[in-house]
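Listing of start_7.cif; format and content: mmCIF, C-alpha atoms and all ligand atoms.
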data_coords
loop_
_atom_site.label_atom_id
_atom_site.label_comp_id
_atom_site.auth_asym_id
_atom_site.auth_seq_id
_atom_site.Cartn_x
_atom_site.Cartn_y
_atom_site.Cartn_z
CA MET A 890 -39.60 8.44 42.03
CA LYS A 891 -37.98 6.24 39.46
CA ARG A 892 -39.75 8.07 36.65
CA ARG A 893 -38.63 11.41 38.08
CA ALA A 894 -34.99 10.24 38.18
CA ARG A 895 -35.23 9.19 34.56
CA TRP A 896 -36.74 12.55 33.64
CA ILE A 897 -33.91 14.40 35.43
CA ALA A 898 -31.30 12.23 33.71
CA ALA A 899 -32.89 12.98 30.31
CA ALA A 900 -32.96 16.71 31.07
CA ILE A 901 -29.28 16.67 32.08
CA LEU A 902 -28.40 14.86 28.86
CA LEU A 903 -30.37 17.38 26.81
CA VAL A 904 -28.67 20.36 28.50
CA ALA A 905 -25.28 18.67 28.06
CA SER A 906 -25.84 18.07 24.38
CA LEU A 907 -27.12 21.63 23.81
CA GLU A 908 -24.05 23.02 25.57
CA CYS A 909 -21.90 20.71 23.52
CA SER A 910 -23.44 21.87 20.27
CA ALA A 911 -23.11 25.54 21.34
CA GLN A 912 -19.43 24.95 22.08
CA MET A 913 -18.99 23.16 18.72
CA SER A 914 -20.55 26.14 16.90
CA ASN A 915 -18.17 28.42 18.76
CA LEU A 916 -15.17 26.26 17.77
CA SER A 917 -16.45 26.03 14.21
CA GLU A 918 -16.73 29.82 13.90
CA ARG A 919 -13.24 30.29 15.34
CA TYR A 920 -11.89 27.69 12.89
CA VAL A 921 -13.27 29.70 9.96
CA LYS A 922 -11.71 32.88 11.35
CA LEU A 923 -8.35 31.16 11.86
CA VAL A 924 -8.31 29.97 8.24
CA LEU A 925 -9.24 33.46 7.00
CA ALA A 926 -6.49 34.98 9.17
CA VAL A 927 -3.82 32.64 7.77
CA GLY A 928 -5.15 33.50 4.31
CA VAL A 929 -4.12 37.12 4.91
CA HIS A 930 -0.49 35.89 4.83
CA ASP A 931 -0.90 33.48 1.90
CA PRO A 932 -2.99 34.47 -1.14
CA ASP A 933 -3.45 30.82 -2.25
CA TYR A 934 -4.58 29.53 1.14
CA VAL A 935 -8.32 30.33 1.12
CA ASP A 936 -9.60 28.49 -1.93
CA ALA A 937 -13.27 29.15 -1.25
CA TYR A 938 -15.22 31.11 1.35
CA TYR A 939 -18.91 31.87 1.43
CA GLY A 940 -19.56 32.71 5.09
CA PRO A 941 -20.21 36.25 6.39
CA PRO A 942 -18.12 38.66 4.24
CA GLU A 943 -17.38 40.84 7.28
CA TRP A 944 -15.32 38.02 8.83
CA ARG A 945 -12.98 38.16 5.86
CA THR A 946 -12.77 41.95 6.02
CA ALA A 947 -12.04 41.78 9.76
CA ALA A 948 -9.24 39.23 9.19
CA ALA A 949 -7.63 41.53 6.61
CA GLU A 950 -7.93 44.58 8.86
CA GLN A 951 -6.56 42.85 11.96
CA ARG A 952 -3.71 41.15 10.08
CA ARG A 953 -2.80 39.07 13.12
CA SER A 954 0.75 37.69 13.22
CA LEU A 955 1.43 34.07 12.34
CA ALA A 956 2.92 33.48 15.81
CA GLU A 957 -0.26 34.73 17.42
CA LEU A 958 -2.40 32.58 15.11
CA ASP A 959 -0.32 29.52 15.91
CA ALA A 960 -0.82 30.06 19.66
CA ASP A 961 -4.55 30.49 19.06
CA ALA A 962 -4.69 27.29 17.02
CA ALA A 963 -2.90 25.39 19.82
CA ALA A 964 -5.44 26.63 22.38
CA TRP A 965 -8.27 25.82 19.99
CA LEU A 966 -7.00 22.22 19.65
CA ARG A 967 -6.94 21.79 23.44
CA GLU A 968 -10.54 23.00 23.66
CA LEU A 969 -11.69 20.65 20.92
CA ALA A 970 -9.92 17.74 22.64
CA ASP A 971 -12.00 18.49 25.77
CA GLU A 972 -15.23 18.26 23.79
CA VAL A 973 -16.91 14.95 24.48
CA LEU A 974 -19.15 13.67 21.73
CA PRO A 975 -22.82 13.94 22.74
CA PRO A 976 -24.71 10.75 23.51
CA GLY A 977 -26.12 9.29 20.32
CA ALA A 978 -23.44 10.93 18.18
CA GLY A 979 -23.27 9.29 14.77
CA GLU A 980 -20.42 8.55 12.40
CA LEU A 981 -20.57 12.02 10.84
CA ASP A 982 -20.07 13.66 14.25
CA ARG A 983 -17.04 11.48 14.94
CA LEU A 984 -15.63 12.25 11.51
CA ARG A 985 -16.24 15.94 12.15
CA HIS A 986 -14.10 15.92 15.31
CA ARG A 987 -11.24 14.24 13.55
CA TYR A 988 -11.64 16.45 10.52
CA LEU A 989 -11.42 19.64 12.56
CA THR A 990 -8.44 18.40 14.58
CA THR A 991 -6.47 17.35 11.51
CA GLN A 992 -7.37 20.49 9.57
CA VAL A 993 -6.12 22.73 12.40
CA GLU A 994 -2.93 20.70 12.84
CA SER A 995 -2.37 21.22 9.13
CA LEU A 996 -3.09 24.96 9.50
CA ARG A 997 -0.35 25.15 12.15
CA ALA A 998 2.07 23.41 9.77
CA ARG A 999 1.21 25.88 7.00
CA ALA A 1000 1.70 28.81 9.39
CA LYS A 1001 5.14 27.43 10.32
CA MET A 1002 6.07 27.13 6.64
CA LEU A 1003 4.94 30.72 6.07
CA ARG A 1004 7.24 31.77 8.91
CA GLY A 1005 10.14 30.23 6.99
CA GLU A 1006 10.42 26.73 8.47
CA ARG A 1007 11.55 24.29 5.78
CA LEU A 1008 10.01 20.83 5.59
CA THR A 1009 11.07 18.00 3.32
CA PHE A 1010 8.60 17.02 0.61
CA ASP A 1011 7.36 14.02 2.61
CA GLU A 1012 7.16 16.00 5.86
CA GLU A 1013 5.17 18.66 4.05
CA SER A 1014 2.73 16.21 2.49
CA ARG A 1015 2.15 14.44 5.81
CA ALA A 1016 1.74 17.70 7.73
CA LEU A 1017 -0.50 19.41 5.17
CA TYR A 1018 -2.35 16.53 3.51
CA ASP A 1019 -2.38 13.70 6.05
CA ALA A 1020 -0.66 11.33 3.56
CA VAL A 1021 2.76 10.49 2.09
CA ALA A 1022 3.28 9.41 -1.52
CA PRO A 1023 5.14 6.13 -2.14
CA VAL A 1024 8.60 6.28 -3.73
CA HIS A 1025 8.95 5.02 -7.32
CA THR A 1026 12.20 4.35 -9.13
CA GLU A 1027 13.32 5.32 -12.63
CA GLU A 1028 13.30 1.60 -13.54
CA GLU A 1029 9.55 1.37 -12.92
CA PHE A 1030 8.88 4.23 -15.33
CA GLN A 1031 11.35 2.84 -17.86
CA GLY A 1032 9.23 -0.32 -18.15
CA VAL A 1033 6.23 1.79 -19.22
CA LEU A 1034 8.42 3.90 -21.54
CA ARG A 1035 9.59 0.71 -23.30
CA GLU A 1036 5.96 -0.29 -23.92
CA LEU A 1037 5.24 3.16 -25.36
CA ASP A 1038 8.37 2.98 -27.47
CA ALA A 1039 7.04 -0.19 -29.08
CA ARG A 1040 3.62 1.37 -29.67
CA LEU A 1041 4.95 4.56 -31.26
CA PRO A 1042 7.57 3.51 -33.83
CA GLY A 1043 9.35 5.97 -36.14
CA ARG A 1044 12.14 8.51 -36.11
CA GLY A 1045 13.16 10.84 -33.32
CA SER A 1046 13.04 10.49 -29.53
CA LEU A 1047 10.08 8.84 -27.84
CA LEU A 1048 8.94 12.27 -26.58
CA GLU A 1049 9.01 13.65 -30.14
CA ARG A 1050 7.11 10.67 -31.54
CA TYR A 1051 4.54 10.93 -28.74
CA GLN A 1052 4.11 14.63 -29.54
CA VAL A 1053 3.56 13.94 -33.24
CA PHE A 1054 1.04 11.23 -32.33
CA ARG A 1055 -0.76 13.45 -29.85
CA ASP A 1056 -0.97 16.46 -32.16
CA ARG A 1057 -3.58 14.55 -34.15
CA PHE A 1058 -5.86 14.77 -31.11
CA GLU A 1059 -5.68 18.47 -30.27
CA ILE A 1060 -9.01 20.26 -29.95
CA PRO A 1061 -9.02 23.22 -32.39
CA LYS A 1062 -9.34 26.48 -30.41
CA ASP A 1063 -12.55 27.50 -32.17
CA ARG A 1064 -14.20 24.22 -31.13
CA LEU A 1065 -13.24 24.32 -27.43
CA GLY A 1066 -16.58 25.79 -26.35
CA ALA A 1067 -18.67 23.20 -28.22
CA VAL A 1068 -16.51 20.27 -27.08
CA PHE A 1069 -16.54 21.32 -23.42
CA ALA A 1070 -20.30 21.95 -23.53
CA ALA A 1071 -20.84 18.40 -24.83
CA ALA A 1072 -18.45 16.90 -22.27
CA ILE A 1073 -20.10 18.77 -19.39
CA GLU A 1074 -23.54 17.67 -20.53
CA GLY A 1075 -22.34 14.05 -20.61
CA CYS A 1076 -20.79 14.27 -17.13
CA ARG A 1077 -23.80 16.09 -15.68
CA ALA A 1078 -26.39 13.66 -17.08
CA ARG A 1079 -24.49 10.65 -15.70
CA THR A 1080 -24.05 12.29 -12.31
CA LEU A 1081 -27.72 13.29 -12.01
CA GLU A 1082 -28.79 9.69 -12.58
CA HIS A 1083 -27.14 8.80 -9.27
CA ILE A 1084 -26.80 11.94 -7.15
CA ALA A 1085 -29.64 14.34 -6.29
CA LEU A 1086 -28.45 17.94 -6.59
CA PRO A 1087 -30.27 21.15 -5.62
CA PRO A 1088 -32.13 22.47 -8.70
CA SER A 1089 -30.39 25.87 -8.58
CA GLU A 1090 -26.84 24.47 -8.88
CA SER A 1091 -24.88 25.79 -11.85
CA PHE A 1092 -21.50 27.05 -12.96
CA THR A 1093 -19.94 29.36 -15.48
CA ILE A 1094 -16.87 28.68 -17.59
CA GLU A 1095 -14.11 31.14 -18.41
CA TYR A 1096 -11.10 30.64 -20.66
CA VAL A 1097 -7.95 32.19 -19.15
CA THR A 1098 -4.18 32.38 -19.75
CA GLY A 1099 -1.01 32.82 -17.71
CA LYS A 1100 -1.72 30.22 -15.01
CA THR A 1101 0.35 27.35 -13.57
CA TRP A 1102 -2.66 24.96 -13.68
CA SER A 1103 -4.79 23.67 -16.58
CA GLY A 1104 -8.19 24.06 -14.93
CA TYR A 1105 -9.59 25.47 -11.67
CA ASN A 1106 -12.89 25.43 -9.84
CA TRP A 1107 -13.59 28.51 -7.75
CA TYR A 1108 -16.59 27.63 -5.59
CA GLN A 1109 -18.71 30.71 -4.87
CA GLY A 1110 -21.31 29.33 -2.46
CA ASN A 1111 -25.04 29.23 -3.13
CA TYR A 1112 -24.44 26.09 -5.23
CA ARG A 1113 -22.44 27.99 -7.85
CA SER A 1114 -18.93 27.59 -9.23
CA LEU A 1115 -16.71 29.51 -11.57
CA ILE A 1116 -14.64 27.11 -13.65
CA GLN A 1117 -11.56 28.45 -15.42
CA ILE A 1118 -9.77 26.62 -18.21
CA ASN A 1119 -6.23 27.65 -19.09
CA THR A 1120 -5.55 27.87 -22.83
CA ASP A 1121 -1.81 28.67 -22.61
CA LEU A 1122 -0.97 25.22 -24.00
CA PRO A 1123 -2.71 22.97 -26.54
CA ILE A 1124 -5.74 21.14 -25.13
CA TYR A 1125 -6.06 17.52 -26.26
CA ILE A 1126 -9.33 15.65 -26.58
CA ASP A 1127 -8.90 13.55 -23.40
CA ARG A 1128 -8.91 16.78 -21.36
CA ALA A 1129 -12.56 17.46 -22.26
CA ILE A 1130 -14.04 14.66 -20.14
CA ASP A 1131 -11.20 14.87 -17.61
CA LEU A 1132 -11.76 18.57 -16.92
CA ALA A 1133 -15.56 18.45 -17.19
CA CYS A 1134 -15.74 15.62 -14.64
CA HIS A 1135 -12.87 16.84 -12.43
CA GLU A 1136 -13.90 20.49 -12.14
CA GLY A 1137 -17.62 19.95 -12.61
CA TYR A 1138 -19.65 16.73 -12.35
CA PRO A 1139 -19.13 14.68 -10.22
CA GLY A 1140 -15.89 16.46 -9.17
CA HIS A 1141 -15.21 19.75 -7.39
CA HIS A 1142 -18.49 21.49 -8.20
CA VAL A 1143 -20.60 18.57 -6.93
CA TYR A 1144 -18.32 18.04 -3.90
CA ASN A 1145 -18.71 21.66 -2.83
CA VAL A 1146 -22.45 21.71 -3.54
CA LEU A 1147 -23.03 18.58 -1.41
CA LEU A 1148 -20.92 19.89 1.48
CA GLU A 1149 -22.88 23.14 1.41
CA GLN A 1150 -26.22 21.36 1.17
CA HIS A 1151 -25.73 18.56 3.71
CA LEU A 1152 -23.19 19.91 6.18
CA VAL A 1153 -23.53 23.70 6.10
CA ARG A 1154 -27.27 24.15 5.48
CA GLU A 1155 -28.79 20.98 6.96
CA ARG A 1156 -26.48 20.68 9.97
CA GLY A 1157 -25.25 24.24 10.43
CA TRP A 1158 -21.57 23.18 10.33
CA GLN A 1159 -20.02 26.50 9.43
CA GLU A 1160 -16.50 25.17 9.09
CA PHE A 1161 -17.40 23.99 5.60
CA THR A 1162 -18.04 27.54 4.39
CA VAL A 1163 -14.26 27.87 4.12
CA TYR A 1164 -11.89 25.66 2.18
CA PRO A 1165 -8.18 25.96 3.01
CA LEU A 1166 -6.29 24.78 -0.06
CA PHE A 1167 -3.18 23.49 1.72
CA SER A 1168 -5.05 21.06 3.96
CA PRO A 1169 -6.08 17.38 4.11
CA GLN A 1170 -9.43 18.32 2.60
CA SER A 1171 -7.60 18.84 -0.70
CA LEU A 1172 -6.51 15.22 -0.98
CA ILE A 1173 -10.16 14.19 -0.74
CA ALA A 1174 -11.23 16.95 -3.14
CA GLU A 1175 -8.62 16.14 -5.81
CA GLY A 1176 -8.76 12.39 -5.28
CA THR A 1177 -12.54 12.23 -5.67
CA ALA A 1178 -12.46 14.67 -8.60
CA ASN A 1179 -10.03 12.37 -10.43
CA TYR A 1180 -11.69 9.10 -9.42
CA GLY A 1181 -15.05 10.62 -10.39
CA ILE A 1182 -13.93 10.53 -14.04
CA ASP A 1183 -13.81 6.70 -13.89
CA VAL A 1184 -17.08 6.52 -11.95
CA ALA A 1185 -18.92 8.62 -14.53
CA PHE A 1186 -17.19 7.08 -17.53
CA PRO A 1187 -15.98 3.49 -17.07
CA ASP A 1188 -13.43 2.77 -19.84
CA ALA A 1189 -15.69 1.20 -22.52
CA GLU A 1190 -18.40 3.80 -21.96
CA ARG A 1191 -15.87 6.58 -22.24
CA ARG A 1192 -14.50 5.31 -25.54
CA ARG A 1193 -18.03 5.03 -26.91
CA PHE A 1194 -18.87 8.60 -25.86
CA GLU A 1195 -15.59 9.92 -27.32
CA ARG A 1196 -16.30 8.14 -30.62
CA GLU A 1197 -19.92 9.17 -30.94
CA VAL A 1198 -19.95 12.63 -29.37
CA LEU A 1199 -16.64 14.33 -28.57
CA PHE A 1200 -14.45 13.41 -31.54
CA PRO A 1201 -17.15 14.61 -33.99
CA ALA A 1202 -17.67 17.80 -31.92
CA ALA A 1203 -13.92 18.48 -32.15
CA GLY A 1204 -13.81 17.59 -35.86
CA LEU A 1205 -11.38 14.73 -35.15
CA ASP A 1206 -11.26 11.38 -36.93
CA ALA A 1207 -13.17 9.01 -34.63
CA SER A 1208 -11.33 5.95 -35.99
CA GLY A 1209 -8.39 7.02 -33.78
CA VAL A 1210 -10.24 6.61 -30.46
CA GLU A 1211 -8.97 3.12 -29.55
CA ASP A 1212 -5.39 3.91 -30.48
CA TYR A 1213 -5.42 7.19 -28.58
CA TYR A 1214 -6.88 5.81 -25.36
CA ASP A 1215 -4.61 2.73 -25.41
CA VAL A 1216 -1.62 5.08 -25.51
CA MET A 1217 -3.10 7.44 -22.89
CA GLU A 1218 -3.67 4.50 -20.56
CA LEU A 1219 0.07 3.81 -20.68
CA VAL A 1220 1.01 7.48 -20.26
CA GLN A 1221 -1.28 7.61 -17.22
CA LYS A 1222 0.99 5.05 -15.54
CA LEU A 1223 3.76 7.65 -15.59
CA SER A 1224 1.82 10.06 -13.37
CA TYR A 1225 3.85 9.24 -10.24
CA ALA A 1226 7.00 10.40 -12.07
CA GLY A 1227 5.74 13.94 -11.38
CA ASN A 1228 5.81 13.24 -7.61
CA GLU A 1229 9.39 11.99 -7.87
CA ALA A 1230 10.48 15.13 -9.70
CA ALA A 1231 8.68 17.30 -7.14
CA ARG A 1232 10.19 15.41 -4.20
CA ARG A 1233 13.76 15.73 -5.54
CA TYR A 1234 13.23 19.37 -6.50
CA ARG A 1235 11.65 20.48 -3.22
CA ASP A 1236 14.29 18.61 -1.24
CA GLY A 1237 16.99 20.54 -3.12
CA ARG A 1238 18.47 17.47 -4.79
CA ILE A 1239 17.82 18.82 -8.32
CA ASP A 1240 17.26 22.33 -9.72
CA ALA A 1241 14.30 23.67 -11.72
CA ALA A 1242 15.86 22.79 -15.10
CA ALA A 1243 16.51 19.21 -13.98
CA ALA A 1244 12.98 18.94 -12.57
CA ALA A 1245 11.58 20.03 -15.95
CA LYS A 1246 13.83 17.53 -17.71
CA TRP A 1247 12.64 14.77 -15.37
CA HIS A 1248 9.03 15.53 -16.37
CA GLU A 1249 10.01 15.33 -20.04
CA THR A 1250 11.90 12.06 -19.67
CA TYR A 1251 9.74 10.10 -17.26
CA ALA A 1252 6.29 11.71 -17.57
CA LEU A 1253 6.58 12.38 -21.33
CA MET A 1254 5.62 16.05 -21.00
CA ALA A 1255 6.39 18.50 -23.81
CA PRO A 1256 9.01 21.08 -22.71
CA GLU A 1257 6.45 23.90 -22.28
CA ARG A 1258 4.19 21.70 -20.19
CA ALA A 1259 7.12 20.44 -18.11
CA ALA A 1260 8.12 24.06 -17.40
CA GLN A 1261 4.52 24.88 -16.44
CA ARG A 1262 4.54 21.91 -14.08
CA VAL A 1263 7.68 23.14 -12.33
CA ARG A 1264 6.02 26.54 -11.84
CA PHE A 1265 3.05 24.67 -10.35
CA ILE A 1266 5.39 22.95 -7.88
CA ASP A 1267 6.97 26.33 -7.02
CA GLN A 1268 3.51 27.66 -6.20
CA TYR A 1269 1.85 24.62 -4.61
CA GLY A 1270 4.68 22.34 -3.38
CA ALA A 1271 3.68 18.85 -2.26
CA TYR A 1272 0.10 19.52 -3.40
CA VAL A 1273 0.90 17.39 -6.48
CA ILE A 1274 0.36 14.17 -4.48
CA ASN A 1275 -3.33 14.97 -4.03
CA TYR A 1276 -4.09 14.14 -7.66
CA ASN A 1277 -2.60 10.68 -8.10
CA LEU A 1278 -2.18 9.40 -4.54
CA GLY A 1279 -5.54 10.98 -3.74
CA LYS A 1280 -7.17 9.15 -6.63
CA ASP A 1281 -5.59 5.82 -5.65
CA LEU A 1282 -6.62 6.14 -1.99
CA VAL A 1283 -10.17 7.10 -2.94
CA ALA A 1284 -10.38 4.28 -5.52
CA SER A 1285 -9.33 1.60 -3.07
CA TYR A 1286 -11.66 2.97 -0.34
CA ILE A 1287 -14.67 2.96 -2.66
CA GLU A 1288 -13.91 -0.29 -4.45
CA ARG A 1289 -13.32 -2.08 -1.13
CA ARG A 1290 -16.82 -1.06 -0.05
CA ALA A 1291 -18.73 -1.23 -3.31
CA GLY A 1292 -17.00 -4.01 -5.23
CA PRO A 1293 -17.48 -3.97 -9.00
CA ASP A 1294 -21.14 -2.86 -8.91
CA PRO A 1295 -21.28 0.54 -10.68
CA VAL A 1296 -24.45 1.66 -8.85
CA ARG A 1297 -22.90 0.96 -5.43
CA ARG A 1298 -19.77 2.81 -6.56
CA TRP A 1299 -21.90 5.87 -7.17
CA SER A 1300 -23.59 5.64 -3.77
CA GLU A 1301 -20.29 5.20 -1.91
CA PHE A 1302 -18.84 8.06 -3.94
CA ALA A 1303 -21.79 10.33 -3.07
CA ALA A 1304 -21.50 9.42 0.63
CA LEU A 1305 -17.77 10.17 0.65
CA ILE A 1306 -18.14 13.62 -0.94
CA SER A 1307 -20.95 14.53 1.47
CA SER A 1308 -18.85 13.74 4.54
CA PRO A 1309 -15.88 15.19 6.44
CA ARG A 1310 -13.76 12.06 5.93
CA LEU A 1311 -10.01 12.63 5.74
CA PRO A 1312 -7.13 10.84 3.98
CA SER A 1313 -6.15 8.75 7.03
CA GLY A 1314 -9.84 7.78 7.36
CA LEU A 1315 -9.78 6.25 3.86
CA GLN A 1316 -7.78 3.35 5.18
CA GLU A 1317 -10.63 2.24 7.46
ZN ZN A 1401 -8.76 19.85 -8.88
#
Structure encoded using structure tokens:
Amino acid sequence: MKRRARWIAAAILLVASLECSAQMSNLSERYVKLVLAVGVHDPDYVDAYYGPPEWRTAAAEQRRSLAELDADAAAWLRELADEVLPPGAGELDRLRHRYLTTQVESLRARAKMLRGERLTFDEESRALYDAVAPVHTEEEFQGVLRELDARLPGRGSLLERYQVFRDRFEIPKDRLGAVFAAAIEGCRARTLEHIALPPSESFTIEYVTGKTWSGYNWYQGNYRSLIQINTDLPIYIDRAIDLACHEGYPGHHVYNVLLEQHLVRERGWQEFTVYPLFSPQSLIAEGTANYGIDVAFPDAERRRFEREVLFPAAGLDASGVEDYYDVMELVQKLSYAGNEAARRYRDGRIDAAAAAKWHETYALMAPERAAQRVRFIDQYGAYVINYNLGKDLVASYIERRAGPDPVRRWSEFAALISSPRLPSGLQE
């Protein structure tokens, strides 16, 4: 009798968990369709999609109203809240629930913005990206600017002197292909030592113009990416490793490949076949893509690689490596100045010209680059926080777990980019 009771209990559990997984697949499919439907109203929203093509066609044909989609999303959230995790659910299942909830809350916020609701910069970043960037004052940046001033003596403004200094490190246009090929090879080899990737993964590179960004990864599914590099403005030597790691290995390309391999194919979690750009997932994507540069190339190793491989490939004088990267390390500390400009600009406290000027003064950007940055903010809003705040949140999450051991850093990094963890989950 006792054995029979146990058998019945096991059967009930099995049926319950099958029903649960059927309901999760149903919710997952509806999530994908919701994202595609919002994408009909916002051409930048669907960054990648490699599920059934007819779902995208259907979304375009139906062109459901944003109000209707918002009501659907609210109902969807109530249904997900009723889903109890199956017995024996692991960490990934728990993360998945939270991921889906937060992603759909963010989708509702985006739909509201598309209907004309105005959010402040901080409200927008919390609603869309599950994080708020800290406030920094002009005085903090001025301290770094004084250090740079001492390092770059001579005539003219600091921005002019920095430009003259930096011009020595521009990659000649006819060498871009060779330099990027060498950088990608370096990033790929280092990544493959620590992360197993499917043998068929690959990407193609295109050089483009007329964009608000400097590089972009368009994930195509099937372990393939299209990487575009914008050549509107001069490309300096530090961008070779930065872009190769950020867009490629171990950045966006690897992130998307691992999600497809481990979550979509192995677990059947369809929600990862779509990537809504204005969503918390982007903070993880950009933050890991930026932190991945330091994982693949710790400072001394990077300088060695620049000296021995990239400077020669670009035809630059390798005796300038130390000087260049010492200065770039300081300039890097000005990155949060861009968030301050964006916050003031989006909140209507300064206009576009003043926002560009702010980038020139506090982030040391050349006028053309500052103008490009303001166009980026016009197009993507509070998205800017995903790069620097994202990197800092990811760095502290990984370093808290792995300590200084570079091998453990790689394994924590690989685990993070194979999971549905969200910005608020990085504080755990
Ligand atoms: Zn990126």
List every protein, DNA or RNA residue that has at least one atom no more than 12 Å from (-16.9, 29.6, 17.7) in the file's coordinates, counting all atoms listed in the file, and write the result as a PyMOL selection string. chain A and resi 909-923+965+968-969+1158-1160
Find the residue from A:Val1146, A:Leu989, A:Cys1076, A:Ile1094 that sits nearest to Arg1113 (chain A); use all atoms listed in the file when measuring. A:Val1146
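In this model, the gap between CA of Asp1131 (chain A) and CA of Phe1058 (chain A) comes to 14.5 Å.
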Counting all atoms listed in the file, what residues are within 12 Å of ligand ZN 1401 (chain A), given as number ranges by chain? A: 936, 1102-1108, 1116-1118, 1131-1142, 1144-1145, 1166, 1170-1182, 1272-1277, 1279-1280
Mind listing as a PyMOL selection string all residues within 9 Å of (1.7, 6.4, -9.0), counting all atoms listed in the file? chain A and resi 1022-1025+1221-1228+1277-1278+1281
Write a file of the just-selected residues containing C-alpha atoms, as a PDB file, in the frame of the given file.
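Saved file result-v3.pdb follows:
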ATOM      1  CA  ALA A1022       3.280   9.410  -1.520  1.00  0.00           C
ATOM      2  CA  PRO A1023       5.140   6.130  -2.140  1.00  0.00           C
ATOM      3  CA  VAL A1024       8.600   6.280  -3.730  1.00  0.00           C
ATOM      4  CA  HIS A1025       8.950   5.020  -7.320  1.00  0.00           C
ATOM      5  CA  GLN A1221      -1.280   7.610 -17.220  1.00  0.00           C
ATOM      6  CA  LYS A1222       0.990   5.050 -15.540  1.00  0.00           C
ATOM      7  CA  LEU A1223       3.760   7.650 -15.590  1.00  0.00           C
ATOM      8  CA  SER A1224       1.820  10.060 -13.370  1.00  0.00           C
ATOM      9  CA  TYR A1225       3.850   9.240 -10.240  1.00  0.00           C
ATOM     10  CA  ALA A1226       7.000  10.400 -12.070  1.00  0.00           C
ATOM     11  CA  GLY A1227       5.740  13.940 -11.380  1.00  0.00           C
ATOM     12  CA  ASN A1228       5.810  13.240  -7.610  1.00  0.00           C
ATOM     13  CA  ASN A1277      -2.600  10.680  -8.100  1.00  0.00           C
ATOM     14  CA  LEU A1278      -2.180   9.400  -4.540  1.00  0.00           C
ATOM     15  CA  ASP A1281      -5.590   5.820  -5.650  1.00  0.00           C
TER      16      ASP A1281
END
So that I can see what lies close to Val924 (chain A), please list as an MDAnalysis selection string the residues with an atom at most 9 Å from it, counting all atoms listed in the file and leaving out residues fewer than 4 positions away in the same chain. chainID A and resid 919:920 928:929 934:935 993 996 1163:1165
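You will find CA of Asp1183 (chain A) at 16.1 Å from CA of Glu1074 (chain A).
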Expressed in Å to a single decimal, how great is the separation between CA of Pro1312 (chain A) and CA of Arg1262 (chain A)?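 Separation of CA of Pro1312 (chain A) and CA of Arg1262 (chain A): 24.2 Å.
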